[in-house]
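> Input structure: model_18.txt, which contains compact mmCIF, C-alpha atoms.
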```
# COMPACT_ATOMS: atom_id res chain seq x y z
CA MET A 1 -12.69 -18.38 3.06
CA ALA A 2 -16.38 -18.23 2.27
CA VAL A 3 -18.89 -20.85 3.27
CA ALA A 4 -18.39 -24.29 1.69
CA TRP A 5 -21.06 -24.59 -1.00
CA GLY A 6 -23.12 -27.75 -0.82
CA ASP A 7 -21.93 -28.59 2.68
CA PRO A 8 -24.94 -29.99 4.57
CA THR A 9 -23.77 -28.23 7.74
CA THR A 10 -24.49 -24.82 6.15
CA PRO A 11 -28.30 -24.69 6.24
CA ASP A 12 -28.71 -21.22 4.68
CA VAL A 13 -27.25 -22.19 1.30
CA GLY A 14 -29.96 -21.92 -1.36
CA ARG A 15 -32.81 -20.91 0.96
CA PRO A 16 -35.88 -19.03 -0.33
CA ILE A 17 -35.98 -15.29 0.33
CA SER A 18 -38.92 -15.77 2.68
CA GLU A 19 -36.44 -17.29 5.15
CA LEU A 20 -34.11 -14.28 5.29
CA PRO A 21 -33.56 -12.80 8.77
CA ALA A 22 -36.03 -10.00 9.45
CA ALA A 23 -33.23 -7.41 9.63
CA VAL A 24 -31.96 -8.25 6.13
CA THR A 25 -33.87 -6.63 3.27
CA ALA A 26 -33.23 -6.30 -0.44
CA GLU A 27 -34.78 -4.35 -3.29
CA ARG A 28 -37.15 -6.20 -5.59
CA GLY A 29 -35.89 -6.76 -9.14
CA ARG A 30 -32.21 -6.59 -8.16
CA VAL A 31 -29.36 -8.77 -6.96
CA SER A 32 -28.14 -7.43 -3.62
CA LEU A 33 -25.22 -8.10 -1.32
CA VAL A 34 -26.16 -7.31 2.27
CA ALA A 35 -23.81 -7.55 5.23
CA ASP A 36 -25.39 -7.95 8.67
CA TYR A 37 -22.95 -6.17 10.96
CA SER A 38 -25.25 -6.50 13.97
CA LYS A 39 -24.69 -10.23 14.45
CA ARG A 40 -21.37 -12.04 14.25
CA ALA A 41 -20.65 -15.75 13.93
CA ALA A 42 -18.73 -17.54 16.68
CA ASP A 43 -15.46 -17.04 14.80
CA GLY A 44 -16.10 -13.30 14.42
CA SER A 45 -17.02 -13.50 10.74
CA ILE A 46 -19.83 -11.36 9.36
CA ASN A 47 -22.87 -12.89 7.72
CA VAL A 48 -23.19 -11.60 4.17
CA TYR A 49 -26.28 -12.40 2.12
CA LEU A 50 -26.29 -12.62 -1.66
CA ILE A 51 -29.95 -12.09 -2.49
CA ASN A 52 -31.43 -12.69 -5.92
CA ARG A 53 -34.76 -10.87 -6.26
CA THR A 54 -34.75 -11.06 -10.05
CA ASP A 55 -36.48 -13.58 -12.32
CA ARG A 56 -33.27 -15.24 -13.50
CA ASP A 57 -30.75 -17.61 -11.93
CA ILE A 58 -27.18 -16.42 -11.38
CA GLN A 59 -24.12 -18.59 -11.97
CA LEU A 60 -21.02 -17.85 -9.91
CA ALA A 61 -17.35 -18.66 -10.37
CA ALA A 62 -15.80 -20.35 -7.34
CA GLN A 63 -12.62 -21.92 -5.99
CA ASP A 64 -13.19 -24.80 -3.58
CA GLY A 65 -16.61 -23.31 -2.83
CA ASP A 66 -15.24 -19.80 -2.28
CA VAL A 67 -17.08 -17.31 -4.51
CA TYR A 68 -14.33 -14.70 -4.07
CA LEU A 69 -16.17 -12.58 -1.53
CA LYS A 70 -13.47 -10.27 -0.18
CA LEU A 71 -13.20 -7.79 2.65
CA GLU A 72 -12.52 -4.21 1.56
CA THR A 73 -11.64 -1.10 3.56
CA PHE A 74 -11.79 2.57 2.72
CA SER A 75 -8.46 4.36 2.29
CA ASP A 76 -7.03 7.55 0.79
CA ALA A 77 -7.06 5.70 -2.54
CA GLY A 78 -10.70 4.69 -2.16
CA TRP A 79 -11.93 1.16 -1.49
CA ILE A 80 -9.14 -1.43 -1.46
CA ARG A 81 -9.05 -5.15 -0.82
CA ALA A 82 -8.04 -6.13 2.72
CA GLN A 83 -8.14 -9.90 2.34
CA PRO A 84 -5.38 -11.79 0.52
CA HIS A 85 -6.11 -14.62 -1.90
CA VAL A 86 -4.11 -17.66 -2.94
CA PHE A 87 -5.23 -19.50 -6.08
CA SER A 88 -5.33 -23.29 -6.06
CA TRP A 89 -2.96 -25.27 -8.28
CA CYS A 90 -5.55 -28.04 -8.73
CA GLY A 91 -8.01 -27.81 -11.61
CA ASN A 92 -10.61 -29.69 -9.58
CA SER A 93 -10.84 -26.65 -7.29
CA TYR A 94 -12.68 -24.78 -10.04
CA ASP A 95 -15.10 -27.49 -11.17
CA PHE A 96 -18.06 -26.46 -9.02
CA SER A 97 -19.96 -23.29 -9.97
CA PRO A 98 -22.66 -22.46 -7.41
CA GLN A 99 -25.93 -21.00 -8.55
CA VAL A 100 -28.17 -18.43 -6.88
CA LYS A 101 -31.63 -19.28 -8.10
CA ALA A 102 -34.27 -16.61 -8.71
CA GLY A 103 -36.04 -15.81 -5.47
CA CYS A 104 -33.30 -17.33 -3.32
CA PHE A 105 -30.33 -16.21 -1.26
CA LEU A 106 -26.95 -17.54 -0.19
CA ARG A 107 -25.33 -16.81 3.13
CA ILE A 108 -21.57 -16.28 2.94
CA GLN A 109 -19.14 -15.87 5.80
CA GLY A 110 -17.47 -12.47 5.44
CA TYR A 111 -13.84 -12.54 6.55
CA GLN A 112 -12.66 -10.86 9.71
CA PRO A 113 -9.06 -11.16 10.94
CA PRO A 114 -8.54 -12.31 14.54
CA ALA A 115 -6.94 -8.94 15.31
CA GLY A 116 -6.65 -5.55 13.66
CA THR A 117 -7.78 -1.93 13.58
CA ARG A 118 -11.45 -1.00 13.62
CA SER A 119 -12.16 0.53 10.22
CA LYS A 120 -14.82 1.35 7.68
CA ILE A 121 -15.41 -1.84 5.69
CA ARG A 122 -17.60 -3.53 3.10
CA PHE A 123 -17.56 -6.80 1.13
CA ARG A 124 -17.25 -7.25 -2.61
CA LEU A 125 -17.47 -10.11 -5.08
CA TYR A 126 -14.33 -10.49 -7.19
CA ARG A 127 -13.78 -12.45 -10.44
CA GLN A 128 -17.49 -12.55 -11.27
CA GLU A 129 -19.47 -11.16 -14.18
CA LEU A 130 -21.62 -9.58 -11.49
CA GLU A 131 -20.16 -6.28 -10.20
CA ILE A 132 -21.53 -5.96 -6.70
CA TRP A 133 -20.54 -4.86 -3.21
CA SER A 134 -22.27 -4.71 0.15
CA ASN A 135 -23.46 -1.97 2.41
CA GLU A 136 -20.79 -0.32 4.56
CA GLY A 137 -20.15 -1.00 8.23
CA GLU A 138 -17.44 -1.19 10.85
CA GLY A 139 -15.06 -4.11 11.32
CA LEU A 140 -11.46 -5.19 11.77
CA VAL A 141 -8.71 -4.73 9.20
CA PHE A 142 -5.24 -6.22 9.67
CA ALA A 143 -2.27 -4.26 8.31
CA GLY A 144 -0.48 -7.44 7.23
CA ASP A 145 -3.50 -8.44 5.12
CA LEU A 146 -3.45 -5.06 3.39
CA LYS A 147 0.23 -5.43 2.55
CA GLU A 148 -0.23 -8.96 1.24
CA SER A 149 -3.34 -8.10 -0.79
CA ALA A 150 -1.49 -5.33 -2.61
CA VAL A 151 0.93 -7.80 -4.22
CA ASP A 152 -0.83 -11.18 -4.22
CA ALA A 153 -1.73 -13.26 -7.27
CA MET A 154 -5.23 -11.78 -7.44
CA THR A 155 -3.79 -8.26 -7.72
CA VAL A 156 -1.42 -9.47 -10.45
CA LYS A 157 -4.43 -10.35 -12.63
CA THR A 158 -5.55 -6.70 -12.88
CA ALA A 159 -2.54 -4.54 -11.93
CA ASP A 160 -0.79 -2.26 -14.42
CA PHE A 161 2.51 -3.07 -16.14
CA GLU A 162 4.67 -1.25 -13.60
CA ILE A 163 3.24 -3.12 -10.62
CA VAL A 164 3.28 -6.52 -12.34
CA SER A 165 6.89 -5.95 -13.43
CA LYS A 166 8.00 -5.05 -9.91
CA ILE A 167 6.33 -8.15 -8.49
CA ALA A 168 7.86 -10.33 -11.23
CA LEU A 169 11.32 -8.90 -10.53
CA GLY A 170 10.93 -9.45 -6.78
CA GLU A 171 10.99 -5.73 -6.01
CA LEU A 172 7.52 -5.99 -4.44
CA LYS A 173 7.28 -9.17 -2.43
CA SER A 174 4.43 -11.31 -1.21
CA GLY A 175 4.72 -13.30 1.99
CA ASN A 176 3.16 -16.32 0.27
CA SER A 177 5.52 -18.67 -1.54
CA GLY A 178 3.43 -21.82 -1.54
CA GLY A 179 3.01 -23.44 -4.94
CA LYS A 180 3.44 -21.85 -8.34
CA VAL A 181 -0.06 -20.41 -8.55
CA GLY A 182 0.02 -19.19 -4.94
CA ASN A 183 3.39 -17.55 -5.50
CA SER A 184 2.66 -14.02 -6.72
CA GLN A 185 6.11 -13.61 -8.30
CA TRP A 186 5.54 -16.68 -10.46
CA SER A 187 2.04 -15.42 -11.27
CA ALA A 188 3.44 -12.03 -12.30
CA ILE A 189 5.94 -13.67 -14.66
CA HIS A 190 3.10 -15.64 -16.21
CA GLU A 191 1.01 -12.46 -16.51
CA LEU A 192 3.83 -10.74 -18.42
CA GLY A 193 3.42 -13.45 -21.05
CA SER A 194 -0.37 -13.11 -21.20
CA GLY A 195 -0.35 -10.58 -24.03
CA ARG A 196 -2.00 -7.96 -21.85
CA PHE A 197 1.04 -5.65 -22.05
CA PRO A 198 3.17 -4.30 -24.93
CA ARG A 199 5.26 -7.25 -26.10
CA GLU A 200 8.64 -5.51 -26.28
CA LYS A 201 8.32 -4.11 -22.76
CA ALA A 202 7.22 -7.45 -21.35
CA VAL A 203 10.06 -9.33 -23.06
CA GLU A 204 12.57 -6.80 -21.71
CA VAL A 205 11.48 -7.50 -18.13
CA LEU A 206 11.41 -11.25 -18.72
CA GLU A 207 14.97 -11.13 -20.09
CA LYS A 208 16.08 -9.40 -16.87
CA ILE A 209 14.44 -12.13 -14.82
CA LYS A 210 16.05 -14.83 -16.95
CA LYS A 211 19.47 -13.24 -16.47
CA ASN A 212 19.31 -12.32 -12.79
CA LEU A 213 16.86 -14.65 -11.02
CA PRO A 214 17.93 -18.31 -11.36
CA ASP A 215 14.89 -19.68 -9.53
CA TYR A 216 12.57 -18.08 -12.10
CA ARG A 217 14.77 -18.45 -15.19
CA GLN A 218 12.81 -21.30 -16.72
CA ALA A 219 9.46 -19.59 -16.10
CA ALA A 220 10.70 -16.37 -17.74
CA SER A 221 12.12 -18.27 -20.72
CA LEU A 222 8.82 -20.01 -21.27
CA GLN A 223 6.92 -16.70 -21.34
CA ILE A 224 9.47 -15.24 -23.76
CA THR A 225 8.74 -18.21 -26.03
CA VAL A 226 5.00 -17.59 -25.69
CA LEU A 227 5.42 -13.93 -26.72
CA THR A 228 8.03 -14.30 -29.46
CA GLY A 229 7.91 -17.88 -30.66
CA ARG A 230 11.65 -18.03 -29.94
CA VAL A 231 12.56 -21.28 -28.18
CA ASP A 232 15.68 -21.62 -26.09
CA ASP A 233 17.08 -24.40 -23.89
CA GLU A 234 15.78 -22.90 -20.64
CA SER A 235 12.12 -22.97 -21.71
CA THR A 236 12.26 -26.69 -22.52
CA LYS A 237 13.98 -27.90 -19.33
```
Translate this file's structure into structure tokens.

Amino acid sequence: MAVAWGDPTTPDVGRPISELPAAVTAERGRVSLVADYSKRAADGSINVYLINRTDRDIQLAAQDGDVYLKLETFSDAGWIRAQPHVFSWCGNSYDFSPQVKAGCFLRIQGYQPPAGTRSKIRFRLYRQELEIWSNEGEGLVFAGDLKESAVDAMTVKTADFEIVSKIALGELKSGNSGGKVGNSQWSAIHELGSGRFPREKAVEVLEKIKKNLPDYRQAASLQITVLTGRVDDESTK
């Protein structure tokens, strides 16, 4: 979890660039994400600085103050996320959108697991209009986090039809089952009804779920209704 925005105990939130640590530099005219691997917080997290050296303010999406800064590691497939995410079920979690004013920076706590393998890492902002990642360094990556990240609800939002279908059918499982939004299988079923995929193929998978997975039957029926306009008893229960 990133630093809690607006929390008075986090003094570096919204500070002017003149107060950046001497070792942290950023190019003028750009927004930069700089990880300081040389100094760690008491909990092992890495200080990451989002630095706005442009003449415009930047608005960020956030969930409970978390601006979706995620740990990534380099693999045979390139850079991949190594930090799972669970979305909140409460709409109030998304009400606050922090701002990085022109000429200011935010300090964010970059995630590090308590144990893992030393690996090549970086940090990246997800779910923002701003496409940005940090400089590379060395840090810990936990294998369980990699496995979870590959099938969590955040992955569902961007994965292809084959992956989303396998998660929806329970063929690729997430260890998180807390709450509908946190449950990646529920999220995958909802994503099948988003209109992002060919309708006939999505309905075919949803029909399989409705037939074979009683716990998700109502959710699948509702998404079938969304895609086809066809209402059945299951979707209204």
> Show me, as a Markdown table, the residues of segment 116-222 of chain A having an atom within 10 Å of segment 98-111 of chain A, each with the closest atom pair and its distance in Å, using only C-alpha atoms.

```
| residue | atom | partner | partner_atom | distance |
| --- | --- | --- | --- | --- |
| A:Arg122 | CA | A:Gly110 | CA | 9.2 |
| A:Phe123 | CA | A:Gly110 | CA | 7.1 |
| A:Arg124 | CA | A:Gly110 | CA | 9.6 |
| A:Gly139 | CA | A:Tyr111 | CA | 9.8 |
| A:Leu140 | CA | A:Tyr111 | CA | 9.3 |
| A:Val141 | CA | A:Tyr111 | CA | 9.7 |
```
> Which one of A:Ile121, A:Cys90, A:Leu206, A:Ile80 sits closest to Thr155 of chain A if you count all atoms listed in the file?
A:Ile80
> Choose the residue, out of A:Val231, A:Val151, A:Leu130, A:Leu71, that has the smallest atom-to-atom separation from Gln59 of chain A; count only C-alpha atoms.
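For Gln59 of chain A, the nearest of the given residues is A:Leu130.
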> Compile the contact shell of Glu162 of chain A as number ranges by chain: residues with an atom at most 12 Å away, counting all atoms listed in the file, same-chain residues fewer than 6 positions apart removed.
A: 156, 168-169, 171-172, 188, 192, 197-198, 201-202, 205
> Would you save the residues from that selection as an mmCIF file, in the frame of the given file, using C-alpha atoms?

```cif
data_model
loop_
_atom_site.group_PDB
_atom_site.id
_atom_site.type_symbol
_atom_site.label_atom_id
_atom_site.label_comp_id
_atom_site.auth_asym_id
_atom_site.auth_seq_id
_atom_site.Cartn_x
_atom_site.Cartn_y
_atom_site.Cartn_z
ATOM 1 C CA VAL A 156 -1.420 -9.470 -10.450
ATOM 2 C CA ALA A 168 7.860 -10.330 -11.230
ATOM 3 C CA LEU A 169 11.320 -8.900 -10.530
ATOM 4 C CA GLU A 171 10.990 -5.730 -6.010
ATOM 5 C CA LEU A 172 7.520 -5.990 -4.440
ATOM 6 C CA ALA A 188 3.440 -12.030 -12.300
ATOM 7 C CA LEU A 192 3.830 -10.740 -18.420
ATOM 8 C CA PHE A 197 1.040 -5.650 -22.050
ATOM 9 C CA PRO A 198 3.170 -4.300 -24.930
ATOM 10 C CA LYS A 201 8.320 -4.110 -22.760
ATOM 11 C CA ALA A 202 7.220 -7.450 -21.350
ATOM 12 C CA VAL A 205 11.480 -7.500 -18.130
#
```
> So, with all atoms listed in the file as the atoms that count, which of A:Leu125, A:Gly229, A:Lys208, A:Ala82 lies closest to Ala150 of chain A?
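Counting all atoms listed in the file, the residue closest to Ala150 of chain A is A:Ala82.
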> For a quick check of understanding, using only C-alpha atoms, which of A:Val67, A:Leu50, A:Met154, A:Val203 has the smallest distance to Val24 of chain A?
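Selected residue with least distance to Val24 of chain A: A:Leu50.
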> Using all atoms listed in the file, can you tell me which of A:Ala153, A:Ile46, A:Leu60, A:Ile224 comes closest to Pro113 of chain A?
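Smallest separation from Pro113 of chain A among the options: A:Ile46.
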> So which residues are close to (4.1, -17.6, -15.2), meaning at most 9 Å away in the file's coordinates with only C-alpha atoms counted, and can you show them as an mmCIF file with C-alpha atoms, in the frame of the given file?

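Produced file point-v1.cif, reproduced below:
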```
data_model
loop_
_atom_site.group_PDB
_atom_site.id
_atom_site.type_symbol
_atom_site.label_atom_id
_atom_site.label_comp_id
_atom_site.auth_asym_id
_atom_site.auth_seq_id
_atom_site.Cartn_x
_atom_site.Cartn_y
_atom_site.Cartn_z
ATOM 1 C CA LYS A 180 3.440 -21.850 -8.340
ATOM 2 C CA VAL A 181 -0.060 -20.410 -8.550
ATOM 3 C CA GLN A 185 6.110 -13.610 -8.300
ATOM 4 C CA TRP A 186 5.540 -16.680 -10.460
ATOM 5 C CA SER A 187 2.040 -15.420 -11.270
ATOM 6 C CA ALA A 188 3.440 -12.030 -12.300
ATOM 7 C CA ILE A 189 5.940 -13.670 -14.660
ATOM 8 C CA HIS A 190 3.100 -15.640 -16.210
ATOM 9 C CA GLU A 191 1.010 -12.460 -16.510
ATOM 10 C CA LEU A 192 3.830 -10.740 -18.420
ATOM 11 C CA GLY A 193 3.420 -13.450 -21.050
ATOM 12 C CA SER A 194 -0.370 -13.110 -21.200
ATOM 13 C CA ALA A 219 9.460 -19.590 -16.100
ATOM 14 C CA ALA A 220 10.700 -16.370 -17.740
ATOM 15 C CA LEU A 222 8.820 -20.010 -21.270
ATOM 16 C CA GLN A 223 6.920 -16.700 -21.340
#
```
> To one decimal place, how far is atom CA of Arg28 of chain A from atom CA of Thr54 of chain A in Å?
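One can read the atom CA of Arg28 of chain A to atom CA of Thr54 of chain A distance as 7.0 Å.
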> Considering all atoms listed in the file, give me a table of residues in segment 97-186 of chain A that are at most 8 Å from segment 31-40 of chain A, with the closest atom pair and distance in Å for each, as a tab-separated table.

```
residue	atom	partner	partner_atom	distance
A:Arg122	CA	A:Ala35	CA	7.7
A:Phe123	CA	A:Ala35	CA	7.5
A:Ile132	CA	A:Leu33	CA	6.9
A:Trp133	CA	A:Leu33	CA	6.0
A:Ser134	CA	A:Leu33	CA	4.7
A:Asn135	CA	A:Val34	CA	6.0
A:Glu136	CA	A:Ala35	CA	7.9
A:Gly137	CA	A:Tyr37	CA	6.5
A:Glu138	CA	A:Tyr37	CA	7.4
```
> Considering all atoms listed in the file, state which residue in the set A:Gln128, A:Ser165, A:Gln83, A:Asn183 is at the smallest distance from Glu148 of chain A.
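For Glu148 of chain A, the nearest of the given residues is A:Gln83.
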> Identify, on the basis of all atoms listed in the file, every residue whose closest approach to Gly29 of chain A does not exceed 9 Å; exclude the query and any residue fewer than 5 positions from it along the same chain; express the result as a PyMOL selection string.
chain A and resi 52-55
> Mind giving me the straight-line distance from atom CA of Thr228 of chain A to atom CA of Trp89 of chain A in Å, one decimal?
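Answer for the atom CA of Thr228 of chain A to atom CA of Trp89 of chain A separation: 26.3 Å.
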> Draw an axis-aligned box tight on the listed atoms of segment 105-117 of chain A, then pad every side by 6 Å and write out centre and edge lengths in Å to one decimal as lines of an AutoDock Vina configuration file.

```
center_x = -18.5
center_y = -9.7
center_z = 7.0
size_x = 35.7
size_y = 27.6
size_z = 28.6
```
